[in-house]
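run.pdb (PDB, C-alpha atoms and all ligand atoms)
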```pdb
ATOM      1  CA  MET A 237     -35.460 -83.786 -20.849
ATOM      2  CA  LYS A 238     -32.444 -85.667 -19.594
ATOM      3  CA  THR A 239     -32.085 -89.389 -20.205
ATOM      4  CA  MET A 240     -29.932 -91.498 -17.936
ATOM      5  CA  PHE A 241     -28.410 -94.870 -18.560
ATOM      6  CA  ASN A 242     -26.310 -96.940 -16.245
ATOM      7  CA  MET A 243     -23.298 -96.395 -18.447
ATOM      8  CA  ARG A 244     -19.867 -97.761 -17.685
ATOM      9  CA  ARG A 245     -17.172 -96.576 -20.032
ATOM     10  CA  GLY A 246     -15.076 -99.091 -21.883
ATOM     11  CA  LYS A 247     -17.682-101.817 -22.063
ATOM     12  CA  ARG A 248     -18.132-102.441 -25.712
ATOM     13  CA  THR A 249     -21.300-104.564 -25.467
ATOM     14  CA  LEU A 250     -23.037-101.907 -23.420
ATOM     15  CA  ARG A 251     -21.980 -99.222 -25.914
ATOM     16  CA  ARG A 252     -23.351-101.337 -28.720
ATOM     17  CA  LYS A 253     -26.618-101.830 -26.846
ATOM     18  CA  ILE A 254     -26.931 -98.096 -26.244
ATOM     19  CA  ALA A 255     -26.096 -97.342 -29.876
ATOM     20  CA  SER A 256     -28.779 -99.764 -31.072
ATOM     21  CA  SER A 257     -31.284 -98.452 -28.517
ATOM     22  CA  LEU A 258     -30.612 -94.915 -29.675
ATOM     23  CA  SER A 259     -30.946 -95.776 -33.343
ATOM     24  CA  ALA A 260     -34.225 -97.615 -32.539
ATOM     25  CA  LEU A 261     -35.290 -94.522 -30.675
ATOM     26  CA  PHE A 262     -34.591 -92.152 -33.552
ATOM     27  CA  MET A 263     -36.284 -94.475 -36.033
ATOM     28  CA  THR A 264     -39.344 -94.693 -33.774
ATOM     29  CA  ALA A 265     -39.349 -90.918 -33.382
ATOM     30  CA  ALA A 266     -39.250 -90.520 -37.159
ATOM     31  CA  ILE A 267     -42.095 -93.036 -37.612
ATOM     32  CA  LEU A 268     -44.194 -91.409 -34.884
ATOM     33  CA  ILE A 269     -43.661 -87.933 -36.290
ATOM     34  CA  THR A 270     -44.642 -89.158 -39.771
ATOM     35  CA  LEU A 271     -47.669 -91.044 -38.437
ATOM     36  CA  SER A 272     -48.799 -88.108 -36.310
ATOM     37  CA  GLY A 273     -49.526 -86.177 -39.478
ATOM     38  CA  GLN A 274     -52.008 -88.865 -40.576
ATOM     39  CA  GLU A 275     -55.664 -88.986 -39.732
ATOM     40  CA  GLY A 276     -56.709 -91.315 -36.920
ATOM     41  CA  PHE A 277     -53.301 -91.503 -35.256
ATOM     42  CA  PRO A 278     -53.846 -91.082 -31.501
ATOM     43  CA  LEU A 279     -50.922 -88.776 -30.857
ATOM     44  CA  ASP A 280     -50.819 -85.200 -31.977
ATOM     45  CA  ILE A 281     -47.170 -84.186 -32.125
ATOM     46  CA  PRO A 282     -45.358 -86.863 -30.119
ATOM     47  CA  THR A 283     -43.224 -85.662 -27.258
ATOM     48  CA  TRP A 284     -39.940 -87.321 -26.335
ATOM     49  CA  SER A 285     -41.821 -88.961 -23.474
ATOM     50  CA  ASP A 286     -44.204 -90.608 -26.003
ATOM     51  CA  VAL A 287     -41.220 -91.805 -27.981
ATOM     52  CA  PHE A 288     -39.506 -93.238 -24.901
ATOM     53  CA  THR A 289     -42.722 -94.910 -23.760
ATOM     54  CA  TYR A 290     -43.194 -96.378 -27.223
ATOM     55  CA  VAL A 291     -39.759 -97.988 -27.246
ATOM     56  CA  ARG A 292     -40.031 -98.825 -23.530
ATOM     57  CA  LEU A 293     -37.059 -96.735 -22.538
ATOM     58  CA  LYS A 294     -38.394 -94.729 -19.666
ATOM     59  CA  PRO A 295     -36.733 -91.367 -19.167
ATOM     60  CA  VAL A 296     -35.447 -91.015 -15.637
ATOM     61  CA  SER A 297     -34.472 -87.713 -14.130
ATOM     62  CA  ASN A 298     -33.434 -88.374 -10.579
ATOM     63  CA  GLY A 299     -31.154 -85.352 -10.608
ATOM     64  CA  ASP A 300     -27.983 -87.367 -11.218
ATOM     65  CA  ASP A 301     -26.674 -90.172 -13.425
ATOM     66  CA  ASN A 302     -28.022 -92.984 -11.248
ATOM     67  CA  PRO A 303     -30.667 -95.225 -12.828
ATOM     68  CA  PHE A 304     -32.506 -95.834  -9.538
ATOM     69  CA  ALA A 305     -33.739 -93.447  -6.856
ATOM     70  CA  VAL A 306     -36.089 -93.394  -3.909
ATOM     71  CA  HIS A 307     -37.910 -90.095  -3.411
ATOM     72  CA  PHE A 308     -39.241 -89.539   0.104
ATOM     73  CA  ILE A 309     -41.718 -86.846  -0.868
ATOM     74  CA  ASP A 310     -42.427 -84.225   1.791
ATOM     75  CA  VAL A 311     -46.181 -84.544   2.332
ATOM     76  CA  GLY A 312     -46.262 -83.065   5.846
ATOM     77  CA  GLN A 313     -47.655 -85.539   8.395
ATOM     78  CA  GLY A 314     -47.977 -88.677   6.264
ATOM     79  CA  ASP A 315     -46.047 -90.949   3.929
ATOM     80  CA  SER A 316     -45.407 -90.937   0.210
ATOM     81  CA  VAL A 317     -42.383 -92.639  -1.305
ATOM     82  CA  PHE A 318     -41.773 -92.799  -5.028
ATOM     83  CA  ILE A 319     -39.256 -95.306  -6.362
ATOM     84  CA  ASN A 320     -38.118 -94.316  -9.823
ATOM     85  CA  SER A 321     -35.888 -96.368 -12.087
ATOM     86  CA  VAL A 322     -35.110 -97.013 -15.718
ATOM     87  CA  TYR A 323     -36.865-100.368 -15.262
ATOM     88  CA  GLY A 324     -40.153 -99.076 -13.859
ATOM     89  CA  CYS A 325     -41.575 -97.393 -10.796
ATOM     90  CA  ILE A 326     -43.298 -98.016  -7.505
ATOM     91  CA  LEU A 327     -45.346 -95.619  -5.361
ATOM     92  CA  ILE A 328     -45.697 -96.410  -1.673
ATOM     93  CA  ASP A 329     -48.601 -94.401  -0.179
ATOM     94  CA  GLY A 330     -50.015 -91.056  -1.258
ATOM     95  CA  GLY A 331     -50.106 -88.830   1.835
ATOM     96  CA  GLU A 332     -53.218 -87.209   3.334
ATOM     97  CA  ASP A 333     -56.295 -86.169   1.409
ATOM     98  CA  GLY A 334     -55.233 -82.971  -0.384
ATOM     99  CA  CYS A 335     -51.653 -84.168  -1.058
ATOM    100  CA  GLY A 336     -52.629 -85.825  -4.342
ATOM    101  CA  GLU A 337     -52.005 -82.780  -6.478
ATOM    102  CA  LYS A 338     -48.489 -82.186  -5.118
ATOM    103  CA  ILE A 339     -47.516 -85.837  -5.635
ATOM    104  CA  ILE A 340     -49.033 -85.931  -9.135
ATOM    105  CA  SER A 341     -47.002 -82.913 -10.239
ATOM    106  CA  TYR A 342     -43.845 -84.245  -8.549
ATOM    107  CA  ILE A 343     -44.087 -87.632 -10.264
ATOM    108  CA  GLY A 344     -45.269 -86.073 -13.523
ATOM    109  CA  ALA A 345     -42.187 -83.808 -13.562
ATOM    110  CA  LEU A 346     -40.010 -86.948 -13.503
ATOM    111  CA  GLY A 347     -41.492 -87.892 -16.871
ATOM    112  CA  VAL A 348     -43.622 -90.689 -15.439
ATOM    113  CA  ARG A 349     -46.967 -91.583 -16.982
ATOM    114  CA  SER A 350     -47.616 -95.034 -15.649
ATOM    115  CA  ILE A 351     -46.852 -96.655 -12.304
ATOM    116  CA  ASP A 352     -46.034-100.365 -12.176
ATOM    117  CA  TYR A 353     -46.889-100.925  -8.509
ATOM    118  CA  VAL A 354     -48.851 -98.749  -6.109
ATOM    119  CA  ILE A 355     -48.579 -99.964  -2.526
ATOM    120  CA  ALA A 356     -51.265 -98.747  -0.135
ATOM    121  CA  THR A 357     -49.546 -99.792   3.091
ATOM    122  CA  HIS A 358     -52.691 -99.534   5.251
ATOM    123  CA  PRO A 359     -56.019 -97.707   5.129
ATOM    124  CA  HIS A 360     -55.217 -94.665   7.321
ATOM    125  CA  SER A 361     -55.854 -91.314   5.673
ATOM    126  CA  ASP A 362     -52.240 -90.053   6.033
ATOM    127  CA  HIS A 363     -51.235 -92.910   3.690
ATOM    128  CA  ILE A 364     -54.166 -93.399   1.315
ATOM    129  CA  GLY A 365     -55.827 -89.943   1.446
ATOM    130  CA  GLY A 366     -54.171 -88.666  -1.726
ATOM    131  CA  LEU A 367     -54.069 -91.995  -3.572
ATOM    132  CA  ASP A 368     -57.485 -91.683  -5.261
ATOM    133  CA  GLU A 369     -56.399 -88.589  -7.223
ATOM    134  CA  ILE A 370     -53.011 -90.119  -8.038
ATOM    135  CA  ILE A 371     -54.597 -93.354  -9.280
ATOM    136  CA  ASP A 372     -56.944 -91.289 -11.477
ATOM    137  CA  ALA A 373     -54.022 -89.308 -12.920
ATOM    138  CA  PHE A 374     -51.701 -92.137 -14.039
ATOM    139  CA  GLU A 375     -51.949 -95.503 -15.703
ATOM    140  CA  ILE A 376     -51.711 -97.902 -12.749
ATOM    141  CA  LYS A 377     -50.717-101.487 -13.468
ATOM    142  CA  ASN A 378     -50.867-103.127 -10.031
ATOM    143  CA  VAL A 379     -52.081-102.165  -6.567
ATOM    144  CA  ILE A 380     -50.691-104.047  -3.570
ATOM    145  CA  MET A 381     -52.595-103.705  -0.291
ATOM    146  CA  PRO A 382     -53.234-105.705   2.862
ATOM    147  CA  ARG A 383     -56.163-108.118   2.807
ATOM    148  CA  LEU A 384     -58.357-107.027   5.704
ATOM    149  CA  SER A 385     -60.860-109.204   7.518
ATOM    150  CA  GLU A 386     -64.429-107.853   7.425
ATOM    151  CA  ILE A 387     -64.224-106.628  10.993
ATOM    152  CA  ASN A 388     -60.983-104.732  10.245
ATOM    153  CA  THR A 389     -62.239-103.099   7.050
ATOM    154  CA  PRO A 390     -62.739 -99.372   7.641
ATOM    155  CA  THR A 391     -65.827 -97.586   6.391
ATOM    156  CA  THR A 392     -64.220 -94.168   6.110
ATOM    157  CA  ARG A 393     -64.871 -91.868   3.170
ATOM    158  CA  ARG A 394     -61.125 -91.764   2.359
ATOM    159  CA  TYR A 395     -60.924 -95.561   2.114
ATOM    160  CA  GLU A 396     -64.065 -95.681  -0.004
ATOM    161  CA  ASP A 397     -62.646 -93.037  -2.375
ATOM    162  CA  PHE A 398     -59.429 -95.029  -2.637
ATOM    163  CA  LEU A 399     -61.248 -98.306  -3.377
ATOM    164  CA  LYS A 400     -63.432 -96.600  -5.994
ATOM    165  CA  ALA A 401     -60.361 -95.168  -7.738
ATOM    166  CA  VAL A 402     -58.668 -98.597  -7.710
ATOM    167  CA  GLY A 403     -61.802-100.207  -9.179
ATOM    168  CA  LYS A 404     -62.053 -97.572 -11.918
ATOM    169  CA  SER A 405     -58.347 -97.828 -12.792
ATOM    170  CA  GLY A 406     -58.536-101.430 -13.962
ATOM    171  CA  ALA A 407     -55.285-102.158 -12.093
ATOM    172  CA  LYS A 408     -54.607-105.671 -10.903
ATOM    173  CA  VAL A 409     -55.232-105.811  -7.150
ATOM    174  CA  ILE A 410     -52.797-107.946  -5.177
ATOM    175  CA  ALA A 411     -53.180-108.930  -1.513
ATOM    176  CA  ALA A 412     -49.830-108.416   0.222
ATOM    177  CA  LYS A 413     -48.339-111.728   1.244
ATOM    178  CA  GLN A 414     -45.115-112.392   3.093
ATOM    179  CA  GLY A 415     -42.551-113.906   0.760
ATOM    180  CA  ALA A 416     -44.125-112.596  -2.459
ATOM    181  CA  GLY A 417     -41.483-111.146  -4.781
ATOM    182  CA  TYR A 418     -41.843-108.716  -7.664
ATOM    183  CA  GLU A 419     -39.327-107.908 -10.327
ATOM    184  CA  LEU A 420     -38.929-104.771 -12.410
ATOM    185  CA  GLY A 421     -35.836-105.370 -14.510
ATOM    186  CA  LYS A 422     -32.990-105.197 -12.025
ATOM    187  CA  VAL A 423     -35.195-103.834  -9.227
ATOM    188  CA  TYR A 424     -36.530-106.446  -6.800
ATOM    189  CA  MET A 425     -39.258-106.067  -4.217
ATOM    190  CA  LEU A 426     -39.953-108.558  -1.454
ATOM    191  CA  ILE A 427     -43.023-108.364   0.781
ATOM    192  CA  LEU A 428     -42.221-109.070   4.447
ATOM    193  CA  SER A 429     -45.548-108.292   6.142
ATOM    194  CA  PRO A 430     -48.443-108.544   6.993
ATOM    195  CA  VAL A 431     -48.240-112.087   8.238
ATOM    196  CA  SER A 432     -51.448-112.199  10.280
ATOM    197  CA  GLN A 433     -54.604-110.139  10.938
ATOM    198  CA  SER A 434     -54.433-107.420  13.586
ATOM    199  CA  LYS A 435     -57.122-105.107  14.970
ATOM    200  CA  ASP A 436     -54.514-102.357  14.897
ATOM    201  CA  LEU A 437     -54.519-101.193  11.271
ATOM    202  CA  ASN A 438     -50.974 -99.836  11.668
ATOM    203  CA  ASP A 439     -49.832-103.415  12.185
ATOM    204  CA  MET A 440     -51.560-104.441   8.946
ATOM    205  CA  SER A 441     -49.037-102.222   7.074
ATOM    206  CA  VAL A 442     -47.389-103.694   4.023
ATOM    207  CA  VAL A 443     -43.686-103.972   4.833
ATOM    208  CA  ALA A 444     -41.505-104.273   1.738
ATOM    209  CA  ARG A 445     -37.818-104.420   0.972
ATOM    210  CA  VAL A 446     -36.739-103.018  -2.380
ATOM    211  CA  SER A 447     -33.283-103.602  -3.759
ATOM    212  CA  TYR A 448     -31.219-102.417  -6.669
ATOM    213  CA  GLY A 449     -27.844-104.100  -7.093
ATOM    214  CA  LYS A 450     -26.156-104.223  -3.719
ATOM    215  CA  THR A 451     -28.288-101.460  -2.224
ATOM    216  CA  PHE A 452     -31.334-102.229  -0.064
ATOM    217  CA  PHE A 453     -34.254-100.134   1.178
ATOM    218  CA  LEU A 454     -36.805-101.152   3.813
ATOM    219  CA  PHE A 455     -40.268 -99.589   3.987
ATOM    220  CA  THR A 456     -42.371-100.353   7.027
ATOM    221  CA  GLY A 457     -45.472 -98.151   6.719
ATOM    222  CA  ASP A 458     -46.795 -97.610  10.259
ATOM    223  CA  ALA A 459     -45.968-101.119  11.535
ATOM    224  CA  GLY A 460     -45.186-101.199  15.242
ATOM    225  CA  SER A 461     -42.828-103.265  17.377
ATOM    226  CA  THR A 462     -45.179-106.306  17.455
ATOM    227  CA  VAL A 463     -44.794-106.655  13.687
ATOM    228  CA  GLU A 464     -41.083-105.861  13.865
ATOM    229  CA  LYS A 465     -40.683-108.777  16.272
ATOM    230  CA  GLU A 466     -42.897-111.058  14.184
ATOM    231  CA  ILE A 467     -40.739-110.529  11.083
ATOM    232  CA  ALA A 468     -37.468-110.707  13.023
ATOM    233  CA  ARG A 469     -38.444-114.078  14.477
ATOM    234  CA  GLY A 470     -39.908-115.491  11.282
ATOM    235  CA  GLU A 471     -38.499-117.191   8.226
ATOM    236  CA  TYR A 472     -37.795-113.869   6.471
ATOM    237  CA  ALA A 473     -35.690-112.415   9.294
ATOM    238  CA  ASP A 474     -32.566-112.496   7.144
ATOM    239  CA  PHE A 475     -34.218-110.240   4.570
ATOM    240  CA  LEU A 476     -34.568-107.300   6.967
ATOM    241  CA  ARG A 477     -31.065-105.977   6.443
ATOM    242  CA  ALA A 478     -31.154-102.641   4.596
ATOM    243  CA  ASP A 479     -28.934 -99.640   3.916
ATOM    244  CA  VAL A 480     -31.847 -97.239   4.221
ATOM    245  CA  LEU A 481     -34.822 -97.698   6.544
ATOM    246  CA  LYS A 482     -37.970 -95.628   6.414
ATOM    247  CA  ALA A 483     -38.746 -95.414  10.119
ATOM    248  CA  GLY A 484     -42.034 -97.045  11.039
ATOM    249  CA  HIS A 485     -45.006 -94.837  11.973
ATOM    250  CA  HIS A 486     -43.348 -91.432  11.410
ATOM    251  CA  GLY A 487     -40.770 -92.074  14.156
ATOM    252  CA  SER A 488     -43.300 -93.073  16.808
ATOM    253  CA  LYS A 489     -41.949 -94.657  20.003
ATOM    254  CA  THR A 490     -44.137 -97.694  19.251
ATOM    255  CA  SER A 491     -41.901 -98.547  16.254
ATOM    256  CA  SER A 492     -38.132 -98.783  15.599
ATOM    257  CA  SER A 493     -37.393-101.037  18.574
ATOM    258  CA  ALA A 494     -33.715-101.536  19.411
ATOM    259  CA  SER A 495     -33.831-105.228  18.476
ATOM    260  CA  PHE A 496     -35.392-104.394  15.102
ATOM    261  CA  LEU A 497     -32.779-101.722  14.347
ATOM    262  CA  ASN A 498     -30.179-104.279  15.269
ATOM    263  CA  LYS A 499     -31.567-106.662  12.648
ATOM    264  CA  VAL A 500     -31.899-104.049   9.897
ATOM    265  CA  ARG A 501     -28.545-102.355  10.671
ATOM    266  CA  PRO A 502     -29.380 -99.327   8.508
ATOM    267  CA  ASP A 503     -26.748 -96.745   7.611
ATOM    268  CA  SER A 504     -29.494 -94.171   7.210
ATOM    269  CA  ILE A 505     -32.986 -93.791   8.630
ATOM    270  CA  ILE A 506     -35.556 -91.536   6.999
ATOM    271  CA  ILE A 507     -38.447 -90.207   9.083
ATOM    272  CA  SER A 508     -41.485 -88.931   7.194
ATOM    273  CA  CYS A 509     -43.390 -86.493   9.412
ATOM    274  CA  GLY A 510     -44.899 -82.999   9.428
ATOM    275  CA  GLU A 511     -43.352 -79.995  11.137
ATOM    276  CA  GLY A 512     -44.966 -79.409  14.545
ATOM    277  CA  ASN A 513     -47.374 -82.348  14.111
ATOM    278  CA  SER A 514     -49.886 -82.934  16.905
ATOM    279  CA  TYR A 515     -48.632 -86.493  17.593
ATOM    280  CA  GLY A 516     -45.185 -85.259  18.644
ATOM    281  CA  HIS A 517     -43.582 -87.447  15.928
ATOM    282  CA  PRO A 518     -40.786 -88.328  15.956
ATOM    283  CA  HIS A 519     -40.793 -89.314  19.634
ATOM    284  CA  ASN A 520     -37.608 -88.806  21.642
ATOM    285  CA  GLU A 521     -37.481 -92.451  22.766
ATOM    286  CA  ALA A 522     -37.431 -93.613  19.132
ATOM    287  CA  LEU A 523     -34.895 -90.958  18.127
ATOM    288  CA  GLN A 524     -32.569 -92.074  20.911
ATOM    289  CA  ARG A 525     -32.749 -95.698  19.771
ATOM    290  CA  MET A 526     -32.047 -94.616  16.192
ATOM    291  CA  GLU A 527     -29.088 -92.483  17.275
ATOM    292  CA  LYS A 528     -27.716 -95.344  19.346
ATOM    293  CA  SER A 529     -27.876 -97.624  16.288
ATOM    294  CA  GLY A 530     -25.273 -95.342  14.680
ATOM    295  CA  ALA A 531     -27.416 -94.573  11.630
ATOM    296  CA  ASP A 532     -27.665 -91.097  10.098
ATOM    297  CA  ILE A 533     -31.151 -89.694  10.617
ATOM    298  CA  LEU A 534     -32.914 -87.581   8.016
ATOM    299  CA  ARG A 535     -36.372 -86.053   8.488
ATOM    300  CA  THR A 536     -38.785 -84.690   5.918
ATOM    301  CA  ASP A 537     -40.041 -82.070   8.428
ATOM    302  CA  LYS A 538     -36.534 -80.591   8.484
ATOM    303  CA  SER A 539     -35.082 -81.474   5.076
ATOM    304  CA  GLY A 540     -38.213 -81.435   2.906
ATOM    305  CA  THR A 541     -38.198 -84.033   0.134
ATOM    306  CA  ILE A 542     -35.258 -86.442   0.394
ATOM    307  CA  ILE A 543     -33.882 -88.282  -2.649
ATOM    308  CA  VAL A 544     -31.618 -91.306  -2.242
ATOM    309  CA  SER A 545     -30.264 -92.538  -5.562
ATOM    310  CA  SER A 546     -28.231 -95.655  -6.250
ATOM    311  CA  ASP A 547     -25.863 -96.926  -8.923
ATOM    312  CA  GLY A 548     -26.241-100.424  -7.511
ATOM    313  CA  GLU A 549     -23.141-100.082  -5.342
ATOM    314  CA  SER A 550     -23.320 -96.807  -3.474
ATOM    315  CA  LEU A 551     -25.927 -94.240  -2.489
ATOM    316  CA  ASN A 552     -26.225 -90.536  -3.156
ATOM    317  CA  PHE A 553     -28.370 -88.330  -0.878
ATOM    318  CA  LYS A 554     -30.022 -85.070  -1.845
ATOM    319  CA  THR A 555     -32.389 -82.958   0.237
ATOM    320  CA  GLU A 556     -34.735 -80.161  -0.718
ATOM    321  CA  LYS A 557     -33.708 -77.974   2.266
ATOM    322  CA  GLU A 558     -30.442 -77.598   4.225
TER     323      GLU A 558
HETATM  324 ZN    ZN B 601     -49.215 -92.844   9.320
END
```
If you convert what's in this file into structure tokens, what do you get?
Ligand SMILES: [Zn+2]
Amino acid sequence: MKTMFNMRRGKRTLRRKIASSLSALFMTAAILITLSGQEGFPLDIPTWSDVFTYVRLKPVSNGDDNPFAVHFIDVGQGDSVFINSVYGCILIDGGEDGCGEKIISYIGALGVRSIDYVIATHPHSDHIGGLDEIIDAFEIKNVIMPRLSEINTPTTRRYEDFLKAVGKSGAKVIAAKQGAGYELGKVYMLILSPVSQSKDLNDMSVVARVSYGKTFFLFTGDAGSTVEKEIARGEYADFLRADVLKAGHHGSKTSSSASFLNKVRPDSIIISCGEGNSYGHPHNEALQRMEKSGADILRTDKSGTIIVSSDGESLNFKTEKE
């Protein structure tokens, strides 16, 4: 297991902090190993992950030295984004029903056991289908989802399974509210939508901006141009700017309007969609607008899982294919 710290050479205080963290770590390891031999101790032989969890130093293996990374997991036609950092983690959506297992093993391989925030952007099966299994598999601290009016609440089996899993998990359930902010160490998350009720569940998507240092990521679920306009004209318009944008609704022509792209001014746009999907996502009209914006476009149907890591200043891109 590889442990990463945001280490800058020559900074004595940081070195001291790391030295004391490491000595605390080794002492804890020694105590845990001694205790594990005693009757009644919950852990058998503690793994390094147990030790890290115990001293609250989460191991992060984003594939490089950066302490923060966004993993756009290839789940075919659907969305699942895992934000991993030394400060905690956030999962946005869990793909279709049947994707749970893949996401569980992906996240598990990163050394993660508990998830600080799960965001269920909206109740369509390509976003919440796999979440029930994922919620069962990890310790979930908070679930953020849109508050739906009775008439908008779906009665699908997938949504029921999801709600049951949330109930069983004991996680705190939070209704997404524009302007609500959440902090995980140096990682900040700001909710930008929903603002109002819509009959179109896509437009009920939780839109969130997550930042680490000077790097910003915008996640829009399946929100369409009506919501894009609503945010761009509202009091949080200035918070739309992001380096990386997850294209709304898998690159559908009903999202990623030119005026919205102009507000966000992303350097990179990630489209999460399945190869040869029946919706024709991403649509040419949307792709043309994205190209015109000057942003680089990356697609999970072509590149597989895409990892964008950050040191707080600059971004590093890695793709599974190509
Ligand atoms: Zn979708």
Test item: residues no farther than 12 Å from ligand ZN 601 (chain B), counting all atoms listed in the file, as a PyMOL selection string: chain A and resi 311-316+329-332+356-365+437-441+456-460+482-488+491+507-510+513+515+517-518
Would you mind exporting C-alpha atoms of the selected residues as a PDB file, in the coordinates of the input?
```
ATOM      1  CA  VAL A 311     -46.181 -84.544   2.332  1.00  0.00           C
ATOM      2  CA  GLY A 312     -46.262 -83.065   5.846  1.00  0.00           C
ATOM      3  CA  GLN A 313     -47.655 -85.539   8.395  1.00  0.00           C
ATOM      4  CA  GLY A 314     -47.977 -88.677   6.264  1.00  0.00           C
ATOM      5  CA  ASP A 315     -46.047 -90.949   3.929  1.00  0.00           C
ATOM      6  CA  SER A 316     -45.407 -90.937   0.210  1.00  0.00           C
ATOM      7  CA  ASP A 329     -48.601 -94.401  -0.179  1.00  0.00           C
ATOM      8  CA  GLY A 330     -50.015 -91.056  -1.258  1.00  0.00           C
ATOM      9  CA  GLY A 331     -50.106 -88.830   1.835  1.00  0.00           C
ATOM     10  CA  GLU A 332     -53.218 -87.209   3.334  1.00  0.00           C
ATOM     11  CA  ALA A 356     -51.265 -98.747  -0.135  1.00  0.00           C
ATOM     12  CA  THR A 357     -49.546 -99.792   3.091  1.00  0.00           C
ATOM     13  CA  HIS A 358     -52.691 -99.534   5.251  1.00  0.00           C
ATOM     14  CA  PRO A 359     -56.019 -97.707   5.129  1.00  0.00           C
ATOM     15  CA  HIS A 360     -55.217 -94.665   7.321  1.00  0.00           C
ATOM     16  CA  SER A 361     -55.854 -91.314   5.673  1.00  0.00           C
ATOM     17  CA  ASP A 362     -52.240 -90.053   6.033  1.00  0.00           C
ATOM     18  CA  HIS A 363     -51.235 -92.910   3.690  1.00  0.00           C
ATOM     19  CA  ILE A 364     -54.166 -93.399   1.315  1.00  0.00           C
ATOM     20  CA  GLY A 365     -55.827 -89.943   1.446  1.00  0.00           C
ATOM     21  CA  LEU A 437     -54.519-101.193  11.271  1.00  0.00           C
ATOM     22  CA  ASN A 438     -50.974 -99.836  11.668  1.00  0.00           C
ATOM     23  CA  ASP A 439     -49.832-103.415  12.185  1.00  0.00           C
ATOM     24  CA  MET A 440     -51.560-104.441   8.946  1.00  0.00           C
ATOM     25  CA  SER A 441     -49.037-102.222   7.074  1.00  0.00           C
ATOM     26  CA  THR A 456     -42.371-100.353   7.027  1.00  0.00           C
ATOM     27  CA  GLY A 457     -45.472 -98.151   6.719  1.00  0.00           C
ATOM     28  CA  ASP A 458     -46.795 -97.610  10.259  1.00  0.00           C
ATOM     29  CA  ALA A 459     -45.968-101.119  11.535  1.00  0.00           C
ATOM     30  CA  GLY A 460     -45.186-101.199  15.242  1.00  0.00           C
ATOM     31  CA  LYS A 482     -37.970 -95.628   6.414  1.00  0.00           C
ATOM     32  CA  ALA A 483     -38.746 -95.414  10.119  1.00  0.00           C
ATOM     33  CA  GLY A 484     -42.034 -97.045  11.039  1.00  0.00           C
ATOM     34  CA  HIS A 485     -45.006 -94.837  11.973  1.00  0.00           C
ATOM     35  CA  HIS A 486     -43.348 -91.432  11.410  1.00  0.00           C
ATOM     36  CA  GLY A 487     -40.770 -92.074  14.156  1.00  0.00           C
ATOM     37  CA  SER A 488     -43.300 -93.073  16.808  1.00  0.00           C
ATOM     38  CA  SER A 491     -41.901 -98.547  16.254  1.00  0.00           C
ATOM     39  CA  ILE A 507     -38.447 -90.207   9.083  1.00  0.00           C
ATOM     40  CA  SER A 508     -41.485 -88.931   7.194  1.00  0.00           C
ATOM     41  CA  CYS A 509     -43.390 -86.493   9.412  1.00  0.00           C
ATOM     42  CA  GLY A 510     -44.899 -82.999   9.428  1.00  0.00           C
ATOM     43  CA  ASN A 513     -47.374 -82.348  14.111  1.00  0.00           C
ATOM     44  CA  TYR A 515     -48.632 -86.493  17.593  1.00  0.00           C
ATOM     45  CA  HIS A 517     -43.582 -87.447  15.928  1.00  0.00           C
ATOM     46  CA  PRO A 518     -40.786 -88.328  15.956  1.00  0.00           C
TER      47      PRO A 518
END
```
Expected answer as a PyMOL selection string: all residues with atoms within 12 Å of (-38.0, -107.6, 2.9), only C-alpha atoms: chain A and resi 413-418+424-430+442-447+452-456+464+467-468+470-478+481+499-500
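Among A:Ser492, A:Leu534, A:Phe374, A:Val379, the residue with the shortest atom-to-atom distance to His519 (chain A), counting all atoms listed in the file, is A:Ser492.
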Selection: 6 Å around Val306 (chain A), all atoms listed in the file, excl. self and same-chain fewer than 6 positions, as a PyMOL selection string: chain A and resi 318-319+543-544
CA of Ile328 (chain A) to CA of Leu497 (chain A), straight-line distance in Å: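 Computing it gives 21.3 Å between the two atoms.
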For Ile370 (chain A): contacts at 12 Å, all atoms listed in the file, fewer than 2 positions along chain excluded, given as a VMD selection string: chain A and resid 316 318 327 to 344 348 to 351 354 356 364 to 368 372 to 376 397 to 398 401 to 402 405
Would you translate the PyMOL selection byres (((chain A and resi 549-551) around 10) and not hetatm) into the concrete set of residues it matches in this file, as a PDB file with C-alpha atoms, keeping the file's coordinate frame?
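Writing done, so here's expr.pdb:
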```pdb
ATOM      1  CA  ASN A 302     -28.022 -92.984 -11.248  1.00  0.00           C
ATOM      2  CA  PHE A 304     -32.506 -95.834  -9.538  1.00  0.00           C
ATOM      3  CA  ALA A 305     -33.739 -93.447  -6.856  1.00  0.00           C
ATOM      4  CA  TYR A 448     -31.219-102.417  -6.669  1.00  0.00           C
ATOM      5  CA  GLY A 449     -27.844-104.100  -7.093  1.00  0.00           C
ATOM      6  CA  LYS A 450     -26.156-104.223  -3.719  1.00  0.00           C
ATOM      7  CA  THR A 451     -28.288-101.460  -2.224  1.00  0.00           C
ATOM      8  CA  PHE A 452     -31.334-102.229  -0.064  1.00  0.00           C
ATOM      9  CA  ASP A 479     -28.934 -99.640   3.916  1.00  0.00           C
ATOM     10  CA  VAL A 480     -31.847 -97.239   4.221  1.00  0.00           C
ATOM     11  CA  ILE A 543     -33.882 -88.282  -2.649  1.00  0.00           C
ATOM     12  CA  VAL A 544     -31.618 -91.306  -2.242  1.00  0.00           C
ATOM     13  CA  SER A 545     -30.264 -92.538  -5.562  1.00  0.00           C
ATOM     14  CA  SER A 546     -28.231 -95.655  -6.250  1.00  0.00           C
ATOM     15  CA  ASP A 547     -25.863 -96.926  -8.923  1.00  0.00           C
ATOM     16  CA  GLY A 548     -26.241-100.424  -7.511  1.00  0.00           C
ATOM     17  CA  ASN A 552     -26.225 -90.536  -3.156  1.00  0.00           C
ATOM     18  CA  PHE A 553     -28.370 -88.330  -0.878  1.00  0.00           C
TER      19      PHE A 553
END
```
